[in-house]
Structure formats: structure tokens, C-alpha cells
Amino acid sequence: MPTEILYHRPALAQRLAKLIMQVAVGSAASSGVFLAAPRRTGKSTFAREDLRPALEAAGAIVLYADLWKDLTKDPGVVIVDAVRETIGRNQGYITRLAKASGMDKVTVGGLSFSLDKIGMGKDIDLTTALTALSDESRQMIVLMIDEAQHAITTDEGVAALFALKAARDELNSSKHHGLRVVCTGSNRDKLAMLRNSKDQAFFGAAMVPFPTLDRDFVEWFCTHVDLPQPLDPANVFVLFQESGYRPELLGAAADEIRFDLMLAPENVPERFAELVRAQAEELNANLKKVIHSLTPIQSAVIRVMSAKGEDYAPFEAPTMELYAKAMQRAGIDPAEIRVEVPGVQQALIALQEKKLVWKASRGVYAVDENVIVDLLRGDGLLEGLY
Ligand SMILES: Nc1ncnc2c1ncn2[C@@H]1O[C@H](COP(=O)(O)OP(=O)(O)OP(=O)(O)O)[C@@H](O)[C@H]1O
Ligand SMILES: [Mg+2]
């Protein structure tokens, strides 16, 4: 399956676009919408290829910031760049913004207006920039932030979110044409941190579990895959579910079959199933290896964190008791168990280094990926820890 060939979901995109743009009475959609789905299931592809065009067709200007595209760039800078880029695309926006910021001379004498002036702590803040864009275009602005959780790992990212909150409140007043912020990410717990506490920028925003690719996608895949022997969509759908709804695993298995010149056509479906399963297992096996090499306290910490999810509070007394319980369940002699704050702190650092745990800028933690939780639960390692 060449990567440029995509299965589109226009109906889903239109429904979401409506949800995002039209605010129903009593709806929190104007606070922003959060879309969460596991890793490698097609979130970014959908956001760029389906949702963005649907929003544009519905009359919005769409700004897109991918916080993972360049990890050397601060998330706050990426968000500001998305705004600069859109403004820079149109002379009308630039002129309006230059005037709004007191640079009347922009149109005379070729004095050029620098987009560098836009940003947090710069001459022109995000609210001013987005307001100019809104007033000039008379369109609703939708800012899509991919991997939005990354914003709360740096101070500048957090500042950008607060700046956006201010901009959103201004643009959603009756004087302008509205600003919606759509955040996507692979981990619900992490995304939830952007909207859970009152001091977070998107308090109360709607969390939408983003639908994974479905049976129709598998039908489409089987029709277009073009192997020496056709695949049965019903069987492939089972494989697709087993492997976590990740299109790449199907694509890679098909590639291997294409290059296997010795394979008899009648054996294609069976070989395909083998290849998909083998890849899914390999991914999990690597993760399991890491999990099984943890020290007792590290293991206890990740298990309790997995069990508690959003409610996880690392150093509270009941949590400390749960760590002890987790260690006991792992077969450690109760007389030898001693759980203390420095030990937990160290375990948290080690788990971060192993990429099992993720830390937001304010010392809030989450399990890095939902598969980790699923694996632990599947192995019965979360029992009794809720
Ligand atoms: N609609 C689709 N049709 C065909 N292939 C797809 C589709 N959506 C995604 N894919 C393929 O699946 C893979 C993952 O897609 P994508 O990067 O969009 O997922 P993601 O959920 O954003 O991943 P990540 O968690 O890494 O951000 C890509 O190789 C992409 O080509
Ligand atoms: Mg993505």
C-alpha cells in the first residue's frame, strides 16, 4: 500500500467539522475539542487529509501546528509559527495587522512588516494577530494542534496555551468571527491534563474518543491491495483489530508478500495473517522486555499509575500504600517492603528514561502509552490496585 494512497472518511470529517464550528446551546465546544486515539491509528492523516478540508469547506480558516514534527523546536514556537505563516500568506492580513499594531506606514514607502513581531512577549501578541486575521477574513479560525499534550512539557508551550485561551475568549465574543482550538493526541490521560484543572487553558473542553479506522477501511484495503490472491475482508478485519487498528501493519505485511516471489498464490492469505501477527507481537515483545526488567519499586509505580489513570497522585499516603501492596502482590516479603518518597521519585525518573512514563511541566505524570496499560492489565498485573 503506497503511503500516498489513502482511505478517506468524509462523512466523519463533516460531522466533526460541524461539532467543532457550530456551538449548540450549553455546549462546551467553544472551549475547544480534544480528539484522542492510540498511536499509529491515523489521527494525523485524518486531521490533515479529511478534517482540514472539511473545516475549510464549511468556511473556516485552518491553522495547523504539529508539535511533534520538529522536536528541537519549542511547542510554543510551533504554535506561534502556525499563526505567522497564515498571516504571511495574505497581504490583506499583514496590512490589517500592521495597522492594528500602530504601524500605519506599512503600505507606504515599502516599509516591510516583520512577522517576527508576532509572539508571546513580542510587540504583537497572539490575540492581536488572530483578531486581525478574524476581522480581515470575516471567517472562523480553527487552530488544529497535533500532539497537543507536548505543549504542557515546556514553559513556553504552557504560555502559548494561555495566550490562546485569551485569544479564544476575545474572538468568540460577538464582535469577531470565532476561534476554535482542536487538539489531537495519542493519550487520553495526557490530553486530559490540558483541560482538567481550572487553571489549565482549556478547562471543560470536550474530549471526543476519535473513531479508529473501521470495517470499510479494511474493505477498501482488500480491494486495492492487489496481491496474487485476494484477501477476505472479514478475516483481515479480525487481524486489524488484533493489531490495534494500525494500518501500517497491514501495509507492511502486504509489502512482504509482494516481494516474496516464491510464495504460492493459494498461501497468500495465511502468510498475510502470520506476518501481521508477527509484527504486532514483536512490538509488544519489546515493550514486555522493558517492563520485565524493572526493579520492584519501578514496577509497583508503573502498575499503580496504570491502575489509577487520571487520578494518580504519586506521593499521597494511599498511593504509597498501593505501591507496597503492588510489591507484595509481586511476591516480595512484606517484612522487606519499605516505600519512601525518595525511592518513588527515583523510580519515576527511571521510568521516564525508559519512556514508560511521561511528565508534564508541573510534575504531573501519566503512563506514556495506553498499550502499556493494556499489556499490564492483560497480564493481570493491575488486579487489586484500583
Ligand atoms: N486513512 C488512511 N488510509 C490509509 N493509510 C492510512 C490512513 N490513515 C493512516 N494511515 C497510515 O497509518 C500510518 C499512521 O498514520 P498517522 O501518522 O496518521 O497516525 P497517528 O495516529 O497520527 O500516529 P502517531 O501516533 O505516530 O502520531 C501511516 O503510515 C499512514 O500512512
Ligand atoms: Mg500523529
# chains A, B, ... in the order shown; residues from 1 in each chain; ligands from 1
>>> residues_near_ligand(ligand="ligand 1", cutoff="7 Å", atoms="only C-alpha atoms and all ligand atoms", output="ChimeraX atom specification")
/A:3,5-8,37-46,186,246-248
>>> write_last_selection(atoms="C-alpha atoms", output="PDB file, in the first residue's frame")
ATOM      1  CA  THR A   3       1.620   5.767   1.533  1.00  0.00           C
ATOM      2  CA  ILE A   5      -2.933   6.285  -1.360  1.00  0.00           C
ATOM      3  CA  LEU A   6      -5.354   6.968   1.424  1.00  0.00           C
ATOM      4  CA  TYR A   7      -8.764   5.903   2.522  1.00  0.00           C
ATOM      5  CA  HIS A   8     -10.911   8.960   3.209  1.00  0.00           C
ATOM      6  CA  ALA A  37      -6.847   7.786  19.800  1.00  0.00           C
ATOM      7  CA  PRO A  38      -3.968   5.344  20.294  1.00  0.00           C
ATOM      8  CA  ARG A  39      -0.650   5.676  18.485  1.00  0.00           C
ATOM      9  CA  ARG A  40      -0.299   4.993  14.758  1.00  0.00           C
ATOM     10  CA  THR A  41      -4.037   4.682  14.151  1.00  0.00           C
ATOM     11  CA  GLY A  42      -4.289   7.507  11.615  1.00  0.00           C
ATOM     12  CA  LYS A  43      -5.061  10.622  13.671  1.00  0.00           C
ATOM     13  CA  SER A  44      -2.684  12.972  11.899  1.00  0.00           C
ATOM     14  CA  THR A  45      -3.625  11.648   8.480  1.00  0.00           C
ATOM     15  CA  PHE A  46      -7.297  12.206   9.224  1.00  0.00           C
ATOM     16  CA  SER A 186      -2.417   9.658  21.404  1.00  0.00           C
ATOM     17  CA  ARG A 246      -2.827   0.214  12.915  1.00  0.00           C
ATOM     18  CA  PRO A 247      -2.956   0.423   9.092  1.00  0.00           C
ATOM     19  CA  GLU A 248       0.828   0.190   8.805  1.00  0.00           C
TER      20      GLU A 248
END
>>> select_by_dssp(residues="stretch 132-198 of chain A", states="strand (DSSP E or B)", output="PyMOL selection string")
chain A and resi 140-146+179-185
>>> closest_residue(among="A:Arg188, A:Val364, A:Asp116, A:Ala132", to="A:Ala98", atoms="only C-alpha atoms")
A:Ala132
>>> residues_around(residues="A:Leu51", least_positions_apart="2", cutoff="8 Å", atoms="only C-alpha atoms", output="list in words")
Pro10, Ala13, Gln14, Leu16, Ala17, Phe46, Ala47, Arg48, Glu49, Pro53, Ala54 and Leu55 of chain A
>>> residues_around(residues="A:Ala36", least_positions_apart="4", cutoff="10 Å", atoms="only C-alpha atoms", output="PyMOL selection string")
chain A and resi 43+147+183-192+207-212
>>> write_last_selection(atoms="all heavy atoms", output="short mmCIF file (atom, residue, chain, number, x, y, z; two decimals), in the first residue's frame")
data_model
loop_
_atom_site.label_atom_id
_atom_site.label_comp_id
_atom_site.auth_asym_id
_atom_site.auth_seq_id
_atom_site.Cartn_x
_atom_site.Cartn_y
_atom_site.Cartn_z
N LYS A 43 -4.54 9.33 13.22
CA LYS A 43 -5.06 10.62 13.67
C LYS A 43 -4.57 11.77 12.80
O LYS A 43 -5.35 12.58 12.32
CB LYS A 43 -4.61 10.93 15.12
CG LYS A 43 -5.05 9.97 16.14
CD LYS A 43 -4.44 10.30 17.50
CE LYS A 43 -2.93 10.25 17.51
NZ LYS A 43 -2.36 8.92 17.40
N GLU A 147 -0.67 16.45 18.60
CA GLU A 147 0.14 16.07 19.76
C GLU A 147 0.20 17.23 20.77
O GLU A 147 1.26 17.62 21.27
CB GLU A 147 1.55 15.63 19.35
CG GLU A 147 1.55 14.47 18.36
CD GLU A 147 0.94 13.18 18.92
OE1 GLU A 147 0.74 13.08 20.15
OE2 GLU A 147 0.66 12.26 18.13
N CYS A 183 -7.51 19.93 19.52
CA CYS A 183 -6.26 19.29 19.93
C CYS A 183 -6.35 17.78 19.71
O CYS A 183 -7.34 17.16 20.08
CB CYS A 183 -6.00 19.52 21.42
SG CYS A 183 -5.78 21.25 21.84
N THR A 184 -5.32 17.20 19.09
CA THR A 184 -5.30 15.75 18.97
C THR A 184 -4.09 15.20 19.71
O THR A 184 -3.10 15.90 19.91
CB THR A 184 -5.22 15.29 17.50
OG1 THR A 184 -4.05 15.85 16.93
CG2 THR A 184 -6.42 15.72 16.71
N GLY A 185 -4.19 13.93 20.09
CA GLY A 185 -3.08 13.32 20.80
C GLY A 185 -3.33 11.84 21.00
O GLY A 185 -4.45 11.37 20.82
N SER A 186 -2.27 11.11 21.34
CA SER A 186 -2.42 9.66 21.40
C SER A 186 -2.77 9.16 22.79
O SER A 186 -2.99 7.98 22.98
CB SER A 186 -1.17 8.97 20.88
OG SER A 186 -0.05 9.75 21.09
N ASN A 187 -2.79 10.04 23.74
CA ASN A 187 -3.04 9.55 25.09
C ASN A 187 -4.07 10.41 25.80
O ASN A 187 -3.86 11.59 26.05
CB ASN A 187 -1.70 9.55 25.84
CG ASN A 187 -1.80 8.96 27.21
OD1 ASN A 187 -2.65 9.36 28.00
ND2 ASN A 187 -0.96 8.00 27.50
N ARG A 188 -5.17 9.79 26.12
CA ARG A 188 -6.28 10.48 26.79
C ARG A 188 -5.86 11.16 28.08
O ARG A 188 -6.22 12.29 28.34
CB ARG A 188 -7.32 9.44 27.17
CG ARG A 188 -8.54 9.37 26.35
CD ARG A 188 -9.50 8.44 27.04
NE ARG A 188 -10.35 9.21 27.95
CZ ARG A 188 -11.49 9.76 27.58
NH1 ARG A 188 -11.93 9.59 26.36
NH2 ARG A 188 -12.21 10.47 28.43
N ASP A 189 -5.11 10.42 28.90
CA ASP A 189 -4.73 10.96 30.21
C ASP A 189 -3.89 12.23 30.06
O ASP A 189 -4.04 13.19 30.80
CB ASP A 189 -3.96 9.94 31.04
CG ASP A 189 -4.83 8.76 31.42
OD1 ASP A 189 -6.07 8.88 31.31
OD2 ASP A 189 -4.28 7.72 31.82
N LYS A 190 -2.99 12.19 29.08
CA LYS A 190 -2.14 13.36 28.86
C LYS A 190 -2.95 14.53 28.34
O LYS A 190 -2.84 15.65 28.82
CB LYS A 190 -1.05 13.03 27.84
CG LYS A 190 -0.02 12.05 28.30
CD LYS A 190 0.98 11.87 27.17
CE LYS A 190 1.87 10.66 27.41
NZ LYS A 190 2.67 10.39 26.22
N LEU A 191 -3.78 14.25 27.34
CA LEU A 191 -4.61 15.32 26.78
C LEU A 191 -5.52 15.90 27.85
O LEU A 191 -5.75 17.10 27.90
CB LEU A 191 -5.47 14.78 25.64
CG LEU A 191 -4.89 14.77 24.25
CD1 LEU A 191 -5.96 14.29 23.27
CD2 LEU A 191 -4.40 16.15 23.83
N ALA A 192 -6.02 15.00 28.69
CA ALA A 192 -6.96 15.43 29.73
C ALA A 192 -6.34 16.48 30.63
O ALA A 192 -7.03 17.34 31.17
CB ALA A 192 -7.42 14.23 30.55
N MET A 207 -13.91 16.09 25.35
CA MET A 207 -12.97 15.04 24.98
C MET A 207 -13.71 14.02 24.13
O MET A 207 -14.66 13.39 24.58
CB MET A 207 -12.43 14.37 26.25
CG MET A 207 -11.52 13.19 25.99
SD MET A 207 -9.89 13.65 25.37
CE MET A 207 -9.09 14.15 26.89
N VAL A 208 -13.33 13.91 22.87
CA VAL A 208 -14.02 13.01 21.96
C VAL A 208 -13.12 11.82 21.64
O VAL A 208 -12.02 12.00 21.14
CB VAL A 208 -14.35 13.74 20.63
CG1 VAL A 208 -15.14 12.83 19.70
CG2 VAL A 208 -15.10 15.03 20.91
N PRO A 209 -13.56 10.60 21.98
CA PRO A 209 -12.76 9.44 21.57
C PRO A 209 -12.84 9.35 20.05
O PRO A 209 -13.92 9.22 19.49
CB PRO A 209 -13.45 8.25 22.22
CG PRO A 209 -14.60 8.79 23.00
CD PRO A 209 -14.82 10.22 22.60
N PHE A 210 -11.70 9.46 19.41
CA PHE A 210 -11.66 9.55 17.97
C PHE A 210 -11.84 8.16 17.37
O PHE A 210 -11.11 7.23 17.73
CB PHE A 210 -10.32 10.17 17.58
CG PHE A 210 -10.03 10.13 16.13
CD1 PHE A 210 -10.79 10.86 15.26
CD2 PHE A 210 -9.01 9.35 15.65
CE1 PHE A 210 -10.53 10.83 13.91
CE2 PHE A 210 -8.74 9.31 14.31
CZ PHE A 210 -9.51 10.05 13.44
N PRO A 211 -12.81 7.97 16.48
CA PRO A 211 -13.08 6.62 15.96
C PRO A 211 -11.90 6.08 15.15
O PRO A 211 -11.37 6.78 14.28
CB PRO A 211 -14.30 6.81 15.05
CG PRO A 211 -14.83 8.16 15.34
CD PRO A 211 -13.72 8.97 15.91
N THR A 212 -11.50 4.87 15.44
CA THR A 212 -10.42 4.23 14.68
C THR A 212 -10.94 3.87 13.29
O THR A 212 -12.15 3.89 13.05
CB THR A 212 -9.97 2.94 15.37
OG1 THR A 212 -11.13 2.22 15.75
CG2 THR A 212 -9.13 3.22 16.58
#
>>> residues_around(residues="A:Ala159", least_positions_apart="6", cutoff="9 Å", atoms="only C-alpha atoms", output="NGL selection string")
:A and (76 or 120 or 151-152)
>>> atom_distance(atom1="atom CA of A:Ala148", atom2="atom CA of A:Ala163")
14.6 Å
>>> residues_around(residues="A:Ile79", least_positions_apart="3", cutoff="10 Å", atoms="only C-alpha atoms", output="MDAnalysis selection string")
chainID A and resid 63:67 74:76 82:84 119 126 143:145 148 151 157 160:161 164
>>> write_last_selection(atoms="C-alpha atoms", output="mmCIF file, in the first residue's frame")
data_model
loop_
_atom_site.group_PDB
_atom_site.id
_atom_site.type_symbol
_atom_site.label_atom_id
_atom_site.label_comp_id
_atom_site.auth_asym_id
_atom_site.auth_seq_id
_atom_site.Cartn_x
_atom_site.Cartn_y
_atom_site.Cartn_z
ATOM 1 C CA LEU A 63 -4.122 26.742 11.076
ATOM 2 C CA TYR A 64 -2.202 23.534 11.684
ATOM 3 C CA ALA A 65 0.539 23.074 14.274
ATOM 4 C CA ASP A 66 2.219 19.692 14.631
ATOM 5 C CA LEU A 67 4.113 19.737 17.920
ATOM 6 C CA ASP A 74 9.704 24.546 21.472
ATOM 7 C CA PRO A 75 5.974 23.721 21.246
ATOM 8 C CA GLY A 76 5.163 27.374 21.993
ATOM 9 C CA ALA A 82 1.443 28.479 12.530
ATOM 10 C CA VAL A 83 -0.157 31.875 13.167
ATOM 11 C CA ARG A 84 2.692 33.749 11.482
ATOM 12 C CA GLY A 119 4.576 36.117 19.504
ATOM 13 C CA LEU A 126 -1.462 36.159 19.680
ATOM 14 C CA LEU A 143 -6.365 26.055 15.096
ATOM 15 C CA MET A 144 -5.503 22.376 14.966
ATOM 16 C CA ILE A 145 -2.769 21.314 17.375
ATOM 17 C CA ALA A 148 -1.104 18.938 21.905
ATOM 18 C CA ALA A 151 2.668 21.866 24.852
ATOM 19 C CA GLY A 157 4.196 25.833 25.493
ATOM 20 C CA ALA A 160 1.138 29.660 24.354
ATOM 21 C CA LEU A 161 -1.910 27.760 25.607
ATOM 22 C CA LEU A 164 -4.666 31.025 23.053
#
>>> residues_around(residues="A:Leu351", least_positions_apart="4", cutoff="8 Å", atoms="only C-alpha atoms", output="ChimeraX atom specification")
/A:298,302,347,355-357
>>> write_last_selection(atoms="all heavy atoms", output="JSON list (two decimals), in the first residue's frame")
[["chain", "number", "residue", "atom", "x", "y", "z"],
["A", 298, "GLN", "N", 10.04, 0.25, 40.78],
["A", 298, "GLN", "CA", 9.66, 0.81, 39.47],
["A", 298, "GLN", "C", 8.40, 0.13, 38.94],
["A", 298, "GLN", "O", 7.47, 0.76, 38.44],
["A", 298, "GLN", "CB", 10.79, 0.63, 38.44],
["A", 298, "GLN", "CG", 12.01, 1.50, 38.73],
["A", 298, "GLN", "CD", 13.24, 1.07, 37.93],
["A", 298, "GLN", "OE1", 13.18, 0.13, 37.14],
["A", 298, "GLN", "NE2", 14.35, 1.75, 38.14],
["A", 302, "ILE", "N", 4.70, 1.94, 38.14],
["A", 302, "ILE", "CA", 4.01, 1.98, 36.84],
["A", 302, "ILE", "C", 2.67, 1.25, 36.92],
["A", 302, "ILE", "O", 1.70, 1.65, 36.29],
["A", 302, "ILE", "CB", 4.88, 1.43, 35.69],
["A", 302, "ILE", "CG1", 4.16, 1.62, 34.33],
["A", 302, "ILE", "CG2", 5.19, -0.05, 35.82],
["A", 302, "ILE", "CD1", 4.81, 2.54, 33.43],
["A", 347, "ALA", "N", 12.30, 6.15, 41.12],
["A", 347, "ALA", "CA", 11.62, 5.21, 40.22],
["A", 347, "ALA", "C", 10.94, 5.98, 39.08],
["A", 347, "ALA", "O", 10.99, 5.58, 37.92],
["A", 347, "ALA", "CB", 10.59, 4.39, 40.99],
["A", 355, "LYS", "N", 11.09, 5.62, 28.86],
["A", 355, "LYS", "CA", 9.97, 6.02, 28.02],
["A", 355, "LYS", "C", 8.66, 5.28, 28.35],
["A", 355, "LYS", "O", 7.83, 5.06, 27.48],
["A", 355, "LYS", "CB", 10.28, 5.83, 26.53],
["A", 355, "LYS", "CG", 11.46, 6.63, 26.02],
["A", 355, "LYS", "CD", 10.98, 7.79, 25.16],
["A", 355, "LYS", "CE", 12.12, 8.66, 24.63],
["A", 355, "LYS", "NZ", 12.83, 9.42, 25.66],
["A", 356, "LEU", "N", 8.53, 4.89, 29.60],
["A", 356, "LEU", "CA", 7.27, 4.26, 30.01],
["A", 356, "LEU", "C", 6.35, 5.28, 30.63],
["A", 356, "LEU", "O", 5.14, 5.10, 30.69],
["A", 356, "LEU", "CB", 7.54, 3.14, 31.02],
["A", 356, "LEU", "CG", 8.33, 1.92, 30.50],
["A", 356, "LEU", "CD1", 8.63, 0.97, 31.63],
["A", 356, "LEU", "CD2", 7.56, 1.22, 29.40],
["A", 357, "VAL", "N", 6.96, 6.36, 31.13],
["A", 357, "VAL", "CA", 6.19, 7.36, 31.85],
["A", 357, "VAL", "C", 6.52, 8.73, 31.28],
["A", 357, "VAL", "O", 7.63, 8.98, 30.81],
["A", 357, "VAL", "CB", 6.56, 7.30, 33.35],
["A", 357, "VAL", "CG1", 6.21, 8.58, 34.07],
["A", 357, "VAL", "CG2", 5.84, 6.12, 34.02]]
>>> closest_residue(among="A:Leu171, A:Lys354, A:Glu274, A:Phe202", to="A:Ser293", atoms="only C-alpha atoms")
A:Lys354
>>> closest_residue(among="A:Gln200, A:Gln229, A:Gln149, A:Gln241", to="ligand 2", atoms="only C-alpha atoms and all ligand atoms")
A:Gln149
>>> closest_residue(among="A:Arg215, A:Lys18, A:Lys308, A:Lys69", to="ligand 2", atoms="only C-alpha atoms and all ligand atoms")
A:Lys69
>>> closest_residue(among="A:Leu239, A:Ala60, A:Ala129, A:Val80", to="A:Val218", atoms="only C-alpha atoms")
A:Leu239
>>> closest_residue(among="A:Leu130, A:Asp146, A:Val23, A:Asn235", to="ligand 2", atoms="only C-alpha atoms and all ligand atoms")
A:Asp146
>>> select_by_dssp(residues="stretch 139-257 of chain A", states="helix (DSSP H, G or I)", output="number ranges by chain")
A: 148-153, 155-171, 188-192, 215-224, 233-242, 247-257
>>> atom_distance(atom1="atom CA of A:Asp260", atom2="atom CA of A:His224")
18.6 Å
>>> closest_atom_pairs(of="stretch 230-304 of chain A", to="stretch 311-317 of chain A", cutoff="12 Å", atoms="only C-alpha atoms", output="Markdown table")
| residue | atom | partner | partner_atom | distance |
| --- | --- | --- | --- | --- |
| A:Ala300 | CA | A:Pro314 | CA | 11.4 |
| A:Val301 | CA | A:Pro314 | CA | 8.2 |
| A:Ile302 | CA | A:Pro314 | CA | 10.3 |
| A:Arg303 | CA | A:Tyr312 | CA | 10.8 |
| A:Val304 | CA | A:Tyr312 | CA | 7.8 |
>>> decode(residues="stretch 159-170 of chain A", atoms="all heavy atoms", output="CSV table (one decimal), in the first residue's frame")
chain,number,residue,atom,x,y,z
A,159,ALA,N,2.7,28.8,28.2
A,159,ALA,CA,2.3,30.2,27.9
A,159,ALA,C,1.5,30.4,26.6
A,159,ALA,O,0.6,31.2,26.6
A,159,ALA,CB,3.6,31.0,27.8
A,160,ALA,N,1.9,29.6,25.6
A,160,ALA,CA,1.1,29.7,24.4
A,160,ALA,C,-0.3,29.2,24.6
A,160,ALA,O,-1.2,29.8,24.0
A,160,ALA,CB,1.8,28.8,23.3
A,161,LEU,N,-0.5,28.2,25.4
A,161,LEU,CA,-1.9,27.8,25.6
A,161,LEU,C,-2.7,28.8,26.3
A,161,LEU,O,-3.9,29.1,26.0
A,161,LEU,CB,-1.9,26.5,26.4
A,161,LEU,CG,-1.4,25.2,25.7
A,161,LEU,CD1,-1.5,24.0,26.7
A,161,LEU,CD2,-2.1,25.0,24.4
A,162,PHE,N,-2.1,29.5,27.3
A,162,PHE,CA,-2.8,30.6,27.9
A,162,PHE,C,-3.1,31.8,27.0
A,162,PHE,O,-4.2,32.3,27.0
A,162,PHE,CB,-2.0,31.0,29.2
A,162,PHE,CG,-2.4,30.2,30.4
A,162,PHE,CD1,-1.7,29.1,30.8
A,162,PHE,CD2,-3.6,30.5,31.1
A,162,PHE,CE1,-2.0,28.3,31.8
A,162,PHE,CE2,-4.0,29.7,32.1
A,162,PHE,CZ,-3.2,28.6,32.5
A,163,ALA,N,-2.1,32.0,26.2
A,163,ALA,CA,-2.3,33.1,25.2
A,163,ALA,C,-3.5,32.8,24.3
A,163,ALA,O,-4.3,33.6,23.9
A,163,ALA,CB,-1.0,33.3,24.4
A,164,LEU,N,-3.6,31.5,23.9
A,164,LEU,CA,-4.7,31.0,23.1
A,164,LEU,C,-6.0,31.1,23.8
A,164,LEU,O,-7.0,31.4,23.1
A,164,LEU,CB,-4.5,29.6,22.6
A,164,LEU,CG,-3.5,29.4,21.5
A,164,LEU,CD1,-3.3,27.9,21.2
A,164,LEU,CD2,-4.0,30.1,20.3
A,165,LYS,N,-6.0,30.9,25.0
A,165,LYS,CA,-7.2,30.9,25.8
A,165,LYS,C,-7.8,32.4,25.8
A,165,LYS,O,-8.9,32.6,25.5
A,165,LYS,CB,-7.0,30.5,27.2
A,165,LYS,CG,-8.2,30.6,28.1
A,165,LYS,CD,-7.9,30.0,29.5
A,165,LYS,CE,-9.1,29.8,30.4
A,165,LYS,NZ,-9.5,31.0,31.0
A,166,ALA,N,-6.8,33.3,26.0
A,166,ALA,CA,-7.2,34.7,25.9
A,166,ALA,C,-7.8,35.1,24.5
A,166,ALA,O,-8.8,35.8,24.4
A,166,ALA,CB,-6.0,35.6,26.3
A,167,ALA,N,-7.0,34.6,23.5
A,167,ALA,CA,-7.5,34.9,22.1
A,167,ALA,C,-8.8,34.3,21.8
A,167,ALA,O,-9.7,34.9,21.2
A,167,ALA,CB,-6.4,34.3,21.1
A,168,ARG,N,-9.0,33.1,22.3
A,168,ARG,CA,-10.3,32.4,22.1
A,168,ARG,C,-11.4,33.2,22.7
A,168,ARG,O,-12.5,33.4,22.1
A,168,ARG,CB,-10.2,31.0,22.7
A,168,ARG,CG,-11.3,30.1,22.3
A,168,ARG,CD,-11.3,29.0,23.3
A,168,ARG,NE,-11.6,29.4,24.7
A,168,ARG,CZ,-11.2,28.8,25.8
A,168,ARG,NH1,-10.6,27.7,25.7
A,168,ARG,NH2,-11.6,29.3,26.9
A,169,ASP,N,-11.2,33.7,24.0
A,169,ASP,CA,-12.3,34.4,24.6
A,169,ASP,C,-12.6,35.7,23.9
A,169,ASP,O,-13.8,36.0,23.7
A,169,ASP,CB,-11.9,34.7,26.1
A,169,ASP,CG,-11.8,33.4,26.9
A,169,ASP,OD1,-12.3,32.4,26.5
A,169,ASP,OD2,-11.2,33.5,28.0
A,170,GLU,N,-11.6,36.3,23.4
A,170,GLU,CA,-11.8,37.6,22.6
A,170,GLU,C,-12.6,37.3,21.3
A,170,GLU,O,-13.6,37.9,20.9
A,170,GLU,CB,-10.5,38.3,22.3
A,170,GLU,CG,-10.6,39.5,21.4
A,170,GLU,CD,-11.4,40.6,21.9
A,170,GLU,OE1,-11.5,40.7,23.2
A,170,GLU,OE2,-11.9,41.5,21.1
